[in-house]
>>> print(open('protein-v2.cif').read())   # mmCIF, C-alpha atoms
data_structure
loop_
_atom_site.label_atom_id
_atom_site.label_comp_id
_atom_site.auth_asym_id
_atom_site.auth_seq_id
_atom_site.Cartn_x
_atom_site.Cartn_y
_atom_site.Cartn_z
CA MET A 1431 -194.11 69.16 194.99
CA LYS A 1432 -191.56 70.35 192.42
CA ARG A 1433 -194.19 72.72 190.95
CA LEU A 1434 -194.92 74.14 194.40
CA ILE A 1435 -191.22 74.81 194.99
CA THR A 1436 -190.94 76.49 191.57
CA ILE A 1437 -193.96 78.73 192.23
CA THR A 1438 -192.58 79.62 195.66
CA ALA A 1439 -189.20 80.46 194.16
CA ILE A 1440 -190.82 82.72 191.55
CA PHE A 1441 -192.87 84.47 194.24
CA LEU A 1442 -189.83 85.02 196.47
CA THR A 1443 -187.79 86.33 193.54
CA ALA A 1444 -190.55 88.79 192.60
CA TYR A 1445 -190.91 89.85 196.24
CA SER A 1446 -187.14 90.35 196.57
CA PHE A 1447 -187.06 92.42 193.37
CA ALA A 1448 -189.91 94.62 194.65
CA GLN A 1449 -188.08 95.20 197.92
CA ASN A 1450 -184.70 95.91 196.30
CA THR A 1451 -185.90 98.28 193.59
CA SER A 1452 -184.06 101.58 193.85
CA ILE A 1453 -186.06 104.73 193.16
CA VAL A 1454 -185.10 108.37 192.84
CA ILE A 1455 -187.66 111.20 192.97
CA LEU A 1456 -186.49 114.34 191.15
CA ASN A 1457 -187.42 118.04 191.07
CA ALA A 1458 -190.04 117.78 193.83
CA THR A 1459 -190.99 120.21 196.58
CA ALA A 1460 -190.25 118.07 199.64
CA HIS A 1461 -192.08 118.77 202.88
CA ILE A 1462 -189.71 117.12 205.32
CA GLY A 1463 -192.09 117.00 208.29
CA ASN A 1464 -189.83 118.89 210.69
CA ASP A 1465 -190.81 122.46 209.67
CA SER A 1466 -188.43 122.53 206.71
CA VAL A 1467 -189.17 122.48 202.98
CA ILE A 1468 -186.71 121.69 200.18
CA GLU A 1469 -187.45 123.05 196.74
CA ASN A 1470 -186.13 121.05 193.80
CA ALA A 1471 -185.47 118.10 196.10
CA ILE A 1472 -183.93 114.77 195.16
CA ILE A 1473 -185.01 111.78 197.26
CA GLY A 1474 -183.28 108.42 196.90
CA ILE A 1475 -184.86 105.14 198.03
CA ARG A 1476 -183.20 101.73 198.22
CA ASP A 1477 -184.12 98.50 200.04
CA GLY A 1478 -187.17 100.13 201.60
CA LYS A 1479 -185.18 102.99 203.14
CA ILE A 1480 -184.64 106.64 202.31
CA ILE A 1481 -180.91 106.86 201.58
CA GLU A 1482 -180.63 110.54 200.66
CA VAL A 1483 -182.65 113.76 200.63
CA VAL A 1484 -180.78 116.65 199.01
CA ASP A 1485 -181.38 120.02 197.39
CA GLY A 1486 -180.94 119.41 193.68
CA SER A 1487 -179.80 122.98 193.09
CA LYS A 1488 -176.88 122.57 195.51
CA ALA A 1489 -175.87 118.92 195.24
CA LYS A 1490 -175.51 116.34 192.52
CA ILE A 1491 -176.12 112.60 192.73
CA GLU A 1492 -175.35 109.70 190.44
CA LEU A 1493 -178.69 108.91 188.78
CA GLY A 1494 -177.26 105.71 187.32
CA ASN A 1495 -177.41 104.18 190.78
CA TYR A 1496 -181.21 104.06 190.60
CA SER A 1497 -183.32 101.68 188.53
CA GLN A 1498 -186.50 103.84 188.54
CA LYS A 1499 -186.71 107.60 188.13
CA ILE A 1500 -189.78 109.71 188.91
CA ASP A 1501 -189.85 113.29 187.69
CA ALA A 1502 -191.97 115.17 190.25
CA LYS A 1503 -191.48 118.68 188.92
CA GLY A 1504 -194.26 120.94 190.19
CA LYS A 1505 -195.42 118.25 192.62
CA HIS A 1506 -195.11 117.80 196.38
CA VAL A 1507 -193.60 114.95 198.40
CA TYR A 1508 -194.73 114.28 201.97
CA PRO A 1509 -193.94 111.73 204.67
CA ALA A 1510 -196.74 109.23 205.22
CA PHE A 1511 -199.66 110.64 207.19
CA ILE A 1512 -200.25 108.75 210.43
CA ALA A 1513 -203.72 108.25 211.94
CA PRO A 1514 -203.63 107.70 215.73
CA ASN A 1515 -206.53 106.30 217.78
CA SER A 1516 -208.18 104.71 214.75
CA THR A 1517 -210.58 101.79 214.23
CA LEU A 1518 -209.51 101.11 210.64
CA GLY A 1519 -209.58 97.38 209.97
CA LEU A 1520 -211.82 96.78 213.00
CA ASN A 1521 -214.96 98.58 211.85
CA GLU A 1522 -216.40 98.16 208.37
CA ILE A 1523 -220.14 98.96 208.29
CA ASP A 1524 -221.52 100.77 211.34
CA ALA A 1525 -225.03 99.36 210.82
CA VAL A 1526 -223.89 95.73 210.50
CA ARG A 1527 -222.76 94.25 213.82
CA ALA A 1528 -220.96 91.32 212.19
CA THR A 1529 -218.47 93.72 210.56
CA ILE A 1530 -217.54 95.45 213.83
CA ASP A 1531 -214.69 94.04 215.90
CA LYS A 1532 -213.53 97.08 217.88
CA GLN A 1533 -214.91 96.21 221.33
CA GLU A 1534 -215.02 93.23 223.68
CA THR A 1535 -217.38 92.59 226.59
CA GLY A 1536 -216.15 93.41 230.08
CA SER A 1537 -214.68 96.50 231.75
CA ILE A 1538 -211.02 95.63 232.48
CA LEU A 1539 -209.42 94.31 229.28
CA PRO A 1540 -205.71 95.29 229.02
CA ASN A 1541 -204.95 91.92 227.39
CA VAL A 1542 -207.30 92.52 224.43
CA ARG A 1543 -205.05 93.17 221.40
CA THR A 1544 -206.12 94.93 218.22
CA GLN A 1545 -203.14 93.63 216.26
CA ILE A 1546 -204.61 90.17 215.71
CA ALA A 1547 -208.10 91.51 214.92
CA TYR A 1548 -206.89 93.89 212.19
CA ASN A 1549 -208.46 93.10 208.82
CA THR A 1550 -206.16 93.93 205.90
CA ASP A 1551 -209.00 93.20 203.44
CA SER A 1552 -211.10 96.11 204.66
CA LYS A 1553 -212.50 98.09 201.74
CA ILE A 1554 -212.18 101.31 203.74
CA ILE A 1555 -208.38 101.12 203.96
CA PRO A 1556 -207.70 101.78 200.23
CA THR A 1557 -209.95 104.89 200.36
CA VAL A 1558 -207.83 106.23 203.21
CA ARG A 1559 -204.53 105.57 201.44
CA THR A 1560 -205.81 107.65 198.53
CA ASN A 1561 -205.28 110.79 200.65
CA GLY A 1562 -201.83 109.86 201.91
CA VAL A 1563 -202.75 108.16 205.21
CA LEU A 1564 -200.43 105.14 205.11
CA ILE A 1565 -199.96 104.25 208.80
CA ALA A 1566 -202.52 103.97 211.61
CA GLN A 1567 -202.64 103.17 215.30
CA ILE A 1568 -205.43 100.60 215.57
CA THR A 1569 -207.20 101.19 218.87
CA PRO A 1570 -209.88 99.29 220.82
CA ARG A 1571 -213.06 100.97 222.02
CA GLY A 1572 -215.41 100.60 224.97
CA ALA A 1573 -214.81 99.45 228.57
CA MET A 1574 -212.87 101.34 231.23
CA VAL A 1575 -209.63 99.59 230.21
CA SER A 1576 -210.37 98.88 226.56
CA GLY A 1577 -207.18 97.07 225.58
CA THR A 1578 -203.87 97.32 223.76
CA SER A 1579 -203.35 99.12 220.45
CA SER A 1580 -200.83 98.35 217.69
CA ILE A 1581 -199.47 100.48 214.87
CA MET A 1582 -200.15 99.04 211.43
CA LEU A 1583 -199.08 99.77 207.88
CA LEU A 1584 -202.09 100.25 205.61
CA ASP A 1585 -200.83 97.60 203.21
CA GLY A 1586 -200.18 93.91 203.71
CA TRP A 1587 -201.39 90.39 203.04
CA ASN A 1588 -202.36 89.80 206.67
CA TRP A 1589 -201.96 91.37 210.10
CA GLU A 1590 -198.45 89.95 210.49
CA ASP A 1591 -197.33 91.69 207.29
CA ALA A 1592 -199.02 94.94 208.27
CA THR A 1593 -197.65 95.21 211.81
CA TYR A 1594 -195.31 98.18 212.25
CA LYS A 1595 -195.16 98.28 216.04
CA ALA A 1596 -196.99 95.69 218.11
CA ASP A 1597 -198.69 96.52 221.42
CA ASP A 1598 -197.54 100.14 221.62
CA GLY A 1599 -199.79 101.06 224.56
CA ILE A 1600 -202.85 100.45 226.71
CA HIS A 1601 -205.99 102.59 226.52
CA ILE A 1602 -207.89 103.78 229.59
CA ASN A 1603 -211.24 105.52 229.28
CA TRP A 1604 -211.01 107.77 232.32
CA PRO A 1605 -214.36 107.81 234.20
CA ARG A 1606 -216.51 110.81 233.34
CA ILE A 1607 -217.34 113.22 236.13
CA GLN A 1608 -220.59 114.18 234.46
CA SER A 1609 -222.53 113.28 231.34
CA ARG A 1610 -225.45 114.37 229.19
CA ASN A 1611 -227.99 112.02 227.62
CA TRP A 1612 -228.87 112.37 223.94
CA ASN A 1613 -232.56 112.57 223.10
CA GLU A 1614 -233.27 110.80 219.80
CA ASN A 1615 -236.75 112.34 219.54
CA ASP A 1616 -235.80 116.00 219.37
CA PHE A 1617 -232.04 115.61 218.73
CA THR A 1618 -230.94 117.55 221.81
CA PHE A 1619 -228.81 116.88 224.85
CA GLY A 1620 -230.57 116.57 228.20
CA ALA A 1621 -229.50 118.13 231.47
CA THR A 1622 -226.01 117.43 232.76
CA GLU A 1623 -225.92 114.61 235.30
CA LYS A 1624 -223.21 113.94 237.86
CA ASN A 1625 -221.58 110.51 237.76
CA LYS A 1626 -222.32 109.12 241.23
CA GLU A 1627 -219.98 106.18 240.59
CA TYR A 1628 -216.97 108.37 239.69
CA ASN A 1629 -214.94 107.84 242.88
CA LYS A 1630 -215.71 104.13 242.91
CA GLN A 1631 -214.55 103.77 239.29
CA VAL A 1632 -211.32 105.69 239.96
CA ASP A 1633 -210.64 103.50 242.99
CA GLU A 1634 -211.15 100.44 240.81
CA LEU A 1635 -208.48 101.72 238.42
CA LYS A 1636 -206.10 102.46 241.28
CA LYS A 1637 -206.52 98.95 242.68
CA LEU A 1638 -205.92 97.43 239.24
CA PHE A 1639 -202.68 99.39 238.77
CA ALA A 1640 -201.47 98.76 242.32
CA ASP A 1641 -201.97 95.01 241.85
CA ALA A 1642 -200.39 95.05 238.38
CA LYS A 1643 -197.36 97.00 239.61
CA ALA A 1644 -196.84 94.59 242.50
CA TYR A 1645 -197.24 91.61 240.17
CA ASN A 1646 -194.70 92.95 237.66
CA SER A 1647 -192.13 93.83 240.32
CA LYS A 1648 -191.20 90.15 240.80
CA GLU A 1649 -191.19 86.78 239.07
CA ASN A 1650 -194.46 84.87 239.24
CA ASN A 1651 -195.04 81.16 238.82
CA GLU A 1652 -198.70 81.62 237.98
CA LYS A 1653 -199.32 83.95 235.04
CA ASN A 1654 -202.04 86.61 235.10
CA LEU A 1655 -202.84 87.63 231.51
CA ARG A 1656 -204.16 91.06 232.46
CA PHE A 1657 -201.13 91.97 234.56
CA GLU A 1658 -198.72 90.49 231.99
CA ALA A 1659 -200.27 92.77 229.35
CA MET A 1660 -199.55 95.80 231.58
CA LYS A 1661 -195.85 95.03 232.11
CA GLY A 1662 -194.73 97.54 229.47
CA LEU A 1663 -196.40 100.41 231.33
CA PHE A 1664 -194.09 99.91 234.30
CA ASN A 1665 -190.83 99.18 232.45
CA GLY A 1666 -191.27 102.13 230.07
CA THR A 1667 -191.76 100.20 226.83
CA GLN A 1668 -195.45 101.10 226.40
CA ASN A 1669 -197.49 104.30 226.44
CA ILE A 1670 -200.53 104.74 228.61
CA TYR A 1671 -203.32 106.45 226.67
CA LEU A 1672 -205.75 108.21 228.99
CA HIS A 1673 -208.94 109.17 227.15
CA ALA A 1674 -210.23 112.30 228.91
CA ASN A 1675 -211.68 115.71 227.97
CA ASN A 1676 -212.83 117.63 231.03
CA VAL A 1677 -210.26 119.74 232.96
CA LYS A 1678 -210.73 117.78 236.18
CA GLU A 1679 -210.68 114.45 234.37
CA ILE A 1680 -207.44 115.31 232.59
CA THR A 1681 -205.86 116.63 235.79
CA GLU A 1682 -206.77 113.56 237.83
CA ALA A 1683 -205.64 111.25 235.02
CA VAL A 1684 -202.22 112.96 234.92
CA TYR A 1685 -201.78 112.69 238.70
CA PHE A 1686 -202.93 109.07 238.53
CA ALA A 1687 -200.15 108.31 236.04
CA LYS A 1688 -197.67 110.18 238.22
CA GLN A 1689 -198.74 108.19 241.30
CA PHE A 1690 -197.88 104.93 239.56
CA GLU A 1691 -194.66 106.33 238.02
CA LEU A 1692 -195.85 105.92 234.44
CA ASN A 1693 -193.53 107.95 232.23
CA LYS A 1694 -195.06 107.67 228.76
CA VAL A 1695 -198.39 109.42 229.24
CA VAL A 1696 -200.71 110.54 226.44
CA ILE A 1697 -204.07 112.27 226.83
CA VAL A 1698 -206.52 111.30 224.07
CA GLY A 1699 -209.31 113.79 223.43
CA GLY A 1700 -208.06 116.73 225.46
CA ARG A 1701 -210.95 119.08 224.71
CA ASP A 1702 -210.02 121.28 227.70
CA ALA A 1703 -206.26 120.70 227.46
CA TRP A 1704 -205.65 124.34 226.49
CA MET A 1705 -206.67 125.39 230.02
CA ILE A 1706 -204.00 123.31 231.79
CA THR A 1707 -200.98 123.45 229.48
CA ASP A 1708 -198.56 124.12 232.36
CA LEU A 1709 -199.58 120.85 234.02
CA LEU A 1710 -199.12 118.95 230.76
CA LYS A 1711 -195.71 120.48 230.04
CA THR A 1712 -194.44 119.96 233.59
CA ASN A 1713 -195.32 116.28 233.47
CA ASN A 1714 -194.23 115.76 229.85
CA VAL A 1715 -197.71 114.73 228.76
CA SER A 1716 -198.64 114.85 225.05
CA VAL A 1717 -202.14 115.14 223.60
CA VAL A 1718 -203.96 113.35 220.76
CA ILE A 1719 -206.51 116.07 219.96
CA ASN A 1720 -210.15 115.27 219.26
CA ARG A 1721 -211.59 115.69 215.78
CA VAL A 1722 -210.94 119.27 214.62
CA HIS A 1723 -214.04 119.34 212.41
CA ASP A 1724 -216.45 119.60 215.31
CA LEU A 1725 -218.50 122.01 217.39
CA PRO A 1726 -217.58 123.16 220.92
CA ASP A 1727 -219.18 121.29 223.82
CA TYR A 1728 -220.11 124.29 225.95
CA ALA A 1729 -222.30 127.27 225.06
CA GLU A 1730 -219.72 129.66 226.55
CA ASP A 1731 -216.88 128.34 224.34
CA ASP A 1732 -215.71 130.15 221.23
CA VAL A 1733 -217.52 128.66 218.23
CA ASP A 1734 -214.15 128.03 216.55
CA LEU A 1735 -212.48 126.47 219.61
CA PRO A 1736 -212.05 122.99 218.02
CA PHE A 1737 -210.43 124.62 214.97
CA LYS A 1738 -207.90 126.62 216.98
CA LEU A 1739 -207.16 124.10 219.74
CA PRO A 1740 -204.03 122.86 217.88
CA TYR A 1741 -202.72 126.43 217.75
CA LEU A 1742 -203.37 126.96 221.47
CA LEU A 1743 -201.37 123.85 222.34
CA GLN A 1744 -198.62 124.73 219.84
CA LYS A 1745 -198.35 128.20 221.36
CA ALA A 1746 -198.04 126.69 224.85
CA GLY A 1747 -195.35 124.22 223.77
CA VAL A 1748 -197.40 121.05 224.32
CA LEU A 1749 -196.65 118.13 221.98
CA PHE A 1750 -199.86 117.15 220.15
CA CYS A 1751 -201.22 115.40 217.09
CA LEU A 1752 -204.62 115.05 215.38
CA ASN A 1753 -207.07 112.16 215.24
CA ASN A 1754 -210.55 111.46 213.86
CA GLU A 1755 -212.46 109.68 216.63
CA GLY A 1756 -216.25 110.07 216.40
CA ASP A 1757 -219.13 109.14 214.11
CA MET A 1758 -218.08 107.23 210.98
CA GLU A 1759 -214.51 107.47 212.24
CA ALA A 1760 -212.96 104.67 210.16
CA MET A 1761 -214.08 105.97 206.77
CA GLY A 1762 -213.63 109.58 207.91
CA THR A 1763 -209.92 108.95 208.48
CA ARG A 1764 -209.38 109.98 204.86
CA ASN A 1765 -210.15 113.55 205.98
CA LEU A 1766 -207.22 113.66 208.43
CA PRO A 1767 -205.04 115.83 206.14
CA PHE A 1768 -207.89 118.31 205.69
CA MET A 1769 -208.26 118.61 209.45
CA ALA A 1770 -204.62 119.62 209.49
CA GLY A 1771 -205.47 122.14 206.76
CA THR A 1772 -208.20 123.59 208.99
CA ALA A 1773 -205.71 123.88 211.86
CA ALA A 1774 -203.41 125.78 209.49
CA ALA A 1775 -206.25 128.18 208.71
CA TYR A 1776 -206.70 128.83 212.44
CA GLY A 1777 -203.22 129.72 213.62
CA LEU A 1778 -200.72 127.04 212.69
CA THR A 1779 -198.31 127.38 209.80
CA LYS A 1780 -198.71 124.81 207.03
CA GLU A 1781 -195.58 122.95 208.16
CA GLN A 1782 -196.69 122.95 211.81
CA ALA A 1783 -200.02 121.50 210.71
CA LEU A 1784 -198.18 118.87 208.67
CA LYS A 1785 -196.19 117.85 211.77
CA ALA A 1786 -199.50 117.25 213.59
CA ILE A 1787 -200.17 114.28 211.28
CA THR A 1788 -196.57 113.14 210.66
CA SER A 1789 -193.57 113.74 212.93
CA ASN A 1790 -195.52 114.77 216.05
CA THR A 1791 -197.68 111.66 215.74
CA ALA A 1792 -194.59 109.49 215.24
CA LYS A 1793 -192.99 110.94 218.40
CA ILE A 1794 -196.11 110.37 220.49
CA LEU A 1795 -196.51 106.79 219.23
CA GLY A 1796 -192.80 106.01 219.64
CA ILE A 1797 -192.01 105.34 215.97
CA ASP A 1798 -190.14 108.56 215.18
CA LYS A 1799 -186.79 106.78 214.75
CA THR A 1800 -188.09 105.00 211.66
CA THR A 1801 -190.81 107.23 210.17
CA GLY A 1802 -192.56 110.61 210.37
CA THR A 1803 -190.06 112.68 208.36
CA LEU A 1804 -188.25 112.51 205.03
CA GLU A 1805 -184.74 111.82 206.33
CA ALA A 1806 -181.96 109.46 205.32
CA GLY A 1807 -182.03 106.21 207.24
CA LYS A 1808 -185.78 106.17 207.83
CA ASP A 1809 -188.28 103.84 206.20
CA ALA A 1810 -189.47 105.05 202.81
CA ASN A 1811 -193.05 105.76 203.88
CA LEU A 1812 -194.02 108.69 201.67
CA PHE A 1813 -196.23 109.87 198.84
CA ILE A 1814 -196.33 112.35 195.95
CA SER A 1815 -199.26 114.71 195.39
CA ASP A 1816 -200.05 116.93 192.44
CA GLY A 1817 -201.02 119.72 194.84
CA ASP A 1818 -201.16 120.74 198.48
CA ALA A 1819 -201.97 117.55 200.43
CA LEU A 1820 -203.67 119.56 203.20
CA ASP A 1821 -206.06 121.20 200.75
CA MET A 1822 -209.01 119.06 199.68
CA LYS A 1823 -209.35 120.95 196.37
CA SER A 1824 -205.80 120.40 195.13
CA ASN A 1825 -204.67 117.21 196.91
CA ASN A 1826 -204.25 114.37 194.40
CA VAL A 1827 -201.97 111.54 195.44
CA ILE A 1828 -200.35 109.96 192.38
CA TYR A 1829 -197.63 107.80 193.96
CA ALA A 1830 -197.42 106.26 197.43
CA PHE A 1831 -194.75 104.08 199.01
CA ILE A 1832 -194.74 101.98 202.16
CA LYS A 1833 -191.26 100.80 203.12
CA GLY A 1834 -190.17 101.61 199.59
CA LYS A 1835 -192.86 99.48 197.96
CA GLN A 1836 -195.16 101.34 195.58
CA ILE A 1837 -198.75 100.65 196.58
CA ASP A 1838 -201.95 100.52 194.58
CA LEU A 1839 -203.97 103.74 194.91
CA ASN A 1840 -207.13 102.34 193.38
CA ASN A 1841 -210.21 101.78 195.55
CA GLU A 1842 -213.86 100.79 195.23
CA GLN A 1843 -215.07 104.39 195.23
CA LYS A 1844 -212.82 105.23 192.28
CA GLU A 1845 -214.05 102.15 190.44
CA LEU A 1846 -217.70 103.10 190.97
CA TYR A 1847 -216.95 106.65 189.85
CA GLU A 1848 -215.44 105.42 186.59
CA LYS A 1849 -218.25 102.89 186.12
CA TYR A 1850 -221.06 105.42 186.33
CA LYS A 1851 -219.10 108.12 184.57
CA LYS A 1852 -218.84 105.76 181.60
CA LYS A 1853 -222.47 104.62 181.85
CA TYR A 1854 -223.87 108.14 181.76
CA GLN A 1855 -221.19 109.43 179.38
CA ILE A 1856 -219.98 112.13 181.73
CA LYS A 1857 -216.91 113.90 180.40
#
>>> encode(input="protein-v2.cif", output="structure tokens")
Amino acid sequence: MKRLITITAIFLTAYSFAQNTSIVILNATAHIGNDSVIENAIIGIRDGKIIEVVDGSKAKIELGNYSQKIDAKGKHVYPAFIAPNSTLGLNEIDAVRATIDKQETGSILPNVRTQIAYNTDSKIIPTVRTNGVLIAQITPRGAMVSGTSSIMLLDGWNWEDATYKADDGIHINWPRIQSRNWNENDFTFGATEKNKEYNKQVDELKKLFADAKAYNSKENNEKNLRFEAMKGLFNGTQNIYLHANNVKEITEAVYFAKQFELNKVVIVGGRDAWMITDLLKTNNVSVVINRVHDLPDYAEDDVDLPFKLPYLLQKAGVLFCLNNEGDMEAMGTRNLPFMAGTAAAYGLTKEQALKAITSNTAKILGIDKTTGTLEAGKDANLFISDGDALDMKSNNVIYAFIKGKQIDLNNEQKELYEKYKKKYQIK
């Protein structure tokens, strides 16, 4: 028993030391995440928080107040990249069903929570951190009401440690008006088919929300788990994420949210959002844009429409961010910064593109008071790169911090690279 207490004491002392280490980053180019850049920046970190961000050419600080100094001359510092609408930690190997935990059976599942299913031991997560993605919104898939997402730090012993914001919102897959079947034989889409069940499915959603709103308007002796899970939608503490792409689908989803007086509305996908920006702005609706590295859905669309969609929304004044939903989405999350780089090549400035994976995402997810920018008082979620973090040729993350704790940037892919490099004597 005495030995157990001693080991526990040592562990707690080491943990406390790690949390209380004070760090100062010197001579860096700091990309704040709010359109501004500070050359020769000094960033101070203590107790997991950013305590100062100053221009080293204009202000002086007492370096003796910090126990660790990092000279980042010629390097770049960024706020942690944030991946919304992600299945990290829920999906490991697409071809092995036992490693997939992103979807439950049923069609109305608001009480399904990704937080407790999140696997911190996923081997994909370290490969994502390597490119500066340090926070993710872990989101369920499937069903019409697929469940409740949570925002997780991409470091932690278990899901309790990793939780950054629990149960941030509920995800609705808005019924499709029409669909096209994929032919596996010739790899083509078939003819477009109208969804004959569309009105019935929308009515089902309306009934669910009418019942949930009535339930949550008063005290109830008998608890309904589905309706309890939806309480935050009506009291304004949760977002409603409406997954929709078609103009009519987006429009009807927005009016649906308005009908039930839901104030925190986010469209996920938003392929046609650029056509109805006035509607989105008027109703204060933000958009989590589909994967930028994609082809347009319609033959009449511009071939580069997915690349320039962020610019079109930026130009119209619609709040948006980027995500990576699609094939191999968990492992492909590491490409999130390069999608922002593509958006910068098609109309956005570099700092606007950076906001699409940092501060904009934080605002949409409701975590902007604690992360998303390099500002005093916020959590020290940041990283240092040798080069431009939005450029896949020069990005090289050498330090990363989550709540001020330096995290390991090694991963299985790096280990295999070094293993076979040594075996075949590659210089």
>>> closest_residue(input="protein-v2.cif", among="A:Thr1779, A:Gln1608, A:Asn1588, A:Asn1615", to="A:Tyr1741", atoms="only C-alpha atoms")
A:Thr1779
>>> residues_around(input="protein-v2.cif", residues="stretch 1828-1845 of chain A", least_positions_apart="6", cutoff="7 Å", atoms="all atoms listed in the file", output="PDB file with C-alpha atoms, in the coordinates of the input")
ATOM      1  CA  ALA A1448    -189.910  94.620 194.650  1.00  0.00           C
ATOM      2  CA  GLN A1449    -188.080  95.200 197.920  1.00  0.00           C
ATOM      3  CA  ILE A1475    -184.860 105.140 198.030  1.00  0.00           C
ATOM      4  CA  ASP A1477    -184.120  98.500 200.040  1.00  0.00           C
ATOM      5  CA  GLY A1478    -187.170 100.130 201.600  1.00  0.00           C
ATOM      6  CA  LYS A1479    -185.180 102.990 203.140  1.00  0.00           C
ATOM      7  CA  PRO A1556    -207.700 101.780 200.230  1.00  0.00           C
ATOM      8  CA  THR A1557    -209.950 104.890 200.360  1.00  0.00           C
ATOM      9  CA  ARG A1559    -204.530 105.570 201.440  1.00  0.00           C
ATOM     10  CA  THR A1560    -205.810 107.650 198.530  1.00  0.00           C
ATOM     11  CA  ASP A1809    -188.280 103.840 206.200  1.00  0.00           C
ATOM     12  CA  ALA A1810    -189.470 105.050 202.810  1.00  0.00           C
ATOM     13  CA  ASN A1811    -193.050 105.760 203.880  1.00  0.00           C
ATOM     14  CA  LEU A1812    -194.020 108.690 201.670  1.00  0.00           C
ATOM     15  CA  PHE A1813    -196.230 109.870 198.840  1.00  0.00           C
ATOM     16  CA  ILE A1814    -196.330 112.350 195.950  1.00  0.00           C
ATOM     17  CA  SER A1815    -199.260 114.710 195.390  1.00  0.00           C
ATOM     18  CA  ASP A1816    -200.050 116.930 192.440  1.00  0.00           C
TER      19      ASP A1816
END
>>> atom_distance(input="protein-v2.cif", atom1="atom CA of A:Asn1646", atom2="atom CA of A:Gly1599")
16.2 Å
>>> residues_around(input="protein-v2.cif", residues="A:Ala1489", least_positions_apart="5", cutoff="10 Å", atoms="all atoms listed in the file", output="ChimeraX atom specification")
/A:1471-1472,1484
>>> residues_near_point(input="protein-v2.cif", point="(-193.8, 93.8, 214.3)", cutoff="12 Å", atoms="all atoms listed in the file", output="count of residues only")
17
>>> resolve_selection(input="protein-v2.cif", expression="the PyMOL selection byres ((chain A and resi 1534-1540) around 7)", output="JSON, numbers by chain")
{"A": [1533, 1541, 1542, 1573, 1574, 1575, 1576, 1577, 1578, 1600, 1656, 1659, 1660]}
>>> resolve_selection(input="protein-v2.cif", expression="the PyMOL selection byres ((chain A and resi 1720-1724) around 9)", output="number ranges by chain")
A: 1675, 1698-1701, 1718-1719, 1725-1726, 1734-1740, 1752-1756, 1766, 1769-1770, 1772-1773
>>> resolve_selection(input="protein-v2.cif", expression="the PyMOL selection byres ((chain A and resi 1496) around 9)", output="number ranges by chain")
A: 1451-1454, 1474-1476, 1492-1495, 1497-1499
>>> closest_residue(input="protein-v2.cif", among="A:Ile1523, A:Leu1820, A:Leu1710, A:Leu1742", to="A:Gly1771", atoms="all atoms listed in the file")
A:Leu1820
>>> closest_residue(input="protein-v2.cif", among="A:Asn1669, A:Gly1796, A:Asn1603, A:Ala1687", to="A:Ala1640", atoms="all atoms listed in the file")
A:Ala1687
